[in-house]
Structures are given as structure tokens and as C-alpha cells.
Amino acid sequence: MKSLSRIITGVLLALAGIGLVLFSILTQANYYSVVLGSFFLLFGIIILLNKHEDKIEKSGKEESLVNAKKGIIVTTMNDIPGRKIQRVLGIVRGNTVRSRNIGRDIMAGFKSIVGGEIGTFTELISQSRDEAYNRMVNKAIEMGADAIIMMRFDASSVMKNSSEILAYGTAVKLG
């Protein structure tokens with residue numbers, strides 16, 4: 001389901017674009033206002049048609065269900081109390097790179113004026129973390145692991161307005 005902020009942003013940009021183009025044509029304004037209005041209109045339509053985030057959210061939920069059924073143990077500790085590590089299978093990792101979109105930036109800008117938590121960014125980071133975690137667990141399952149020990153998250157900036165979330169740990173077979 002599309003988020004309300006994305007719909008509002010897309011509609012506002014499209015309406016602003018239409019208004020600017022019409023105003024420019026009616027007042028015989030310069031060429032740049034028509035180009036800018038066209039850009040706003042196009043960008044608003046792109047935001048409204050963007051379904052990529054919805055697909056990512058659905059795939060993350062499906063993977064979570066698969067992982068829950070497998071019953072793999074994931075811990076940040078070096079061992080699992082009451083269980084003996086029989087064999088170390090190797091390092092497992094999962095990552096995702098996400099970028100912000102103009103809709104989230106505009107809504108976050110409004111939120112930063114009044115203060116408080118910027119929910120759209122919190123949600124974006126949470127989805128990214130879940131996606132990276134699920135990819136790591138699925139790799140461990142493919143290796144035949146019973147558990148992942150010493151699990152950690154890491155984040156880094158890949159380029160302006162985008163970041164990578166990495167989940168990693170050691171896949172082990174328990175005795």
C-alpha cells in the first residue's frame with residue numbers, strides 16, 4: 001500500500017507542475033518556467049507510480065515468514081548457552097542499499113520544522129535493517145546452519161542520500 005506522504009507529495013508536485021506550466025503559457029513567461037513546471041509534473045507522476053518500495057516491503061514480510069518457520073537461532077553472543085557448537089560454517093551476510101526519495105525528503109523537511117521523530121526515515125531504516133537481516137538468515141539456511149552467532153549490523157554511506165545496511169554473523173552447526 002502506498003504511504004500517505006508519497007501520495008500527497010506526488011499529487012502536490014503534479015499540481016504545482018500543471019499550475020506552473022499553465023501560468024507560464026498564459027502570461028507568456030520565459031522558457032525556464034515551462035521546463036521547471038514540466039519537471040515538477042513529471043516528478044510528481046513518477047512518485048505516484050513508484051511501486052518499488054511496496055515490492056520491497058512485501059518481499060521482506062514473505063522472507064520473515066520463511067525464517068520463522070525454519071527456527072534458526074540468531075544471537076549477538078559468542079556462544080549459545082546450553083548448546084555446543086559442532087562446526088563453524090563460515091561468515092554469512094545480508095545487505096541492502098536504499099536511497100531516500102523526494103517525497104520522504106519533503107515530508108521530513110516539514111517535520112523538522114515542528115520537531116520530533118521523522119517517522120518516514122525511521123520506517124525506511126527499519127525496513128532496510130529487516131531486509132538485510134532476512135537475507136543473512138536465508139544465506140545461513142542455504143548453508144545448513146542451525147544458528148548465527150556474533151550477529152552485528154553495520155551502516156555506511158554509499159553516495160549522497162543513500163546508505164547500505166549490512167547484517168553479518170557466523171553461521172554454525174549445533175551439536
# chains A, B, ... in the order shown; residues from 1 in each chain; ligands from 1
$ residues_around --residues "stretch 143-153 of chain A" --least-positions-apart "3" --cutoff "8 Å" --atoms "only C-alpha atoms" --output "compact mmCIF listing (two decimals) with C-alpha atoms, in the first residue's frame"
# COMPACT_ATOMS: atom_id res chain seq x y z
CA ILE A 72 17.21 -20.69 13.20
CA ILE A 73 18.78 -19.15 16.31
CA VAL A 74 20.33 -15.71 15.87
CA THR A 75 22.33 -14.14 18.68
CA THR A 76 24.89 -11.41 19.27
CA MET A 77 26.70 -13.63 21.80
CA ASN A 78 29.79 -15.73 21.06
CA ASP A 79 28.02 -18.95 22.00
CA ILE A 80 24.58 -20.33 22.75
CA LEU A 89 30.22 -22.99 8.58
CA ARG A 129 17.51 -3.50 8.62
CA VAL A 137 19.40 -15.62 7.74
CA LYS A 139 22.13 -17.45 3.45
CA ALA A 140 22.68 -19.32 6.71
CA ILE A 165 22.72 -1.61 5.89
CA LEU A 166 24.75 -4.78 6.45
CA ALA A 167 23.85 -7.66 8.74
CA TYR A 168 26.57 -10.23 9.37
CA GLY A 169 27.49 -13.05 11.68
CA THR A 170 28.99 -16.55 11.88
CA ALA A 171 26.86 -19.47 10.72
CA VAL A 172 27.29 -22.57 12.89
CA LYS A 173 26.02 -26.12 13.18
CA LEU A 174 24.95 -27.05 16.70
$ atom_distance --atom1 "atom CA of A:Gly119" --atom2 "atom CA of A:Ser162"
17.1 Å
$ closest_residue --among "A:Asn138, A:Thr96, A:Asn161, A:Thr9" --to "A:Ser126" --atoms "only C-alpha atoms"
A:Thr96
$ atom_distance --atom1 "atom CA of A:Val88" --atom2 "atom CA of A:Glu164"
26.6 Å
$ residues_around --residues "A:Ala14" --least-positions-apart "2" --cutoff "8 Å" --atoms "only C-alpha atoms" --output "MDAnalysis selection string"
chainID A and resid 10:12 16:18 40:45
$ write_last_selection --atoms "C-alpha atoms" --output "PDB file, in the first residue's frame"
ATOM      1  CA  GLY A  10       3.163  13.198  -5.766  1.00  0.00           C
ATOM      2  CA  VAL A  11      -0.174  14.985  -6.103  1.00  0.00           C
ATOM      3  CA  LEU A  12       1.233  18.300  -4.856  1.00  0.00           C
ATOM      4  CA  ALA A  16       2.331  22.539  -8.917  1.00  0.00           C
ATOM      5  CA  GLY A  17       3.771  21.463 -12.266  1.00  0.00           C
ATOM      6  CA  ILE A  18       0.443  21.843 -14.074  1.00  0.00           C
ATOM      7  CA  PHE A  40       7.531  19.112 -11.352  1.00  0.00           C
ATOM      8  CA  LEU A  41       4.684  17.419 -13.222  1.00  0.00           C
ATOM      9  CA  LEU A  42       6.884  14.540 -14.377  1.00  0.00           C
ATOM     10  CA  PHE A  43       8.450  14.087 -10.952  1.00  0.00           C
ATOM     11  CA  GLY A  44       5.029  14.053  -9.280  1.00  0.00           C
ATOM     12  CA  ILE A  45       3.840  11.350 -11.679  1.00  0.00           C
TER      13      ILE A  45
END
$ atom_distance --atom1 "atom CA of A:Met159" --atom2 "atom CA of A:Asn95"
15.5 Å
$ closest_residue --among "A:Arg87, A:Glu117, A:Val97, A:Tyr133" --to "A:Ala155" --atoms "only C-alpha atoms"
A:Val97
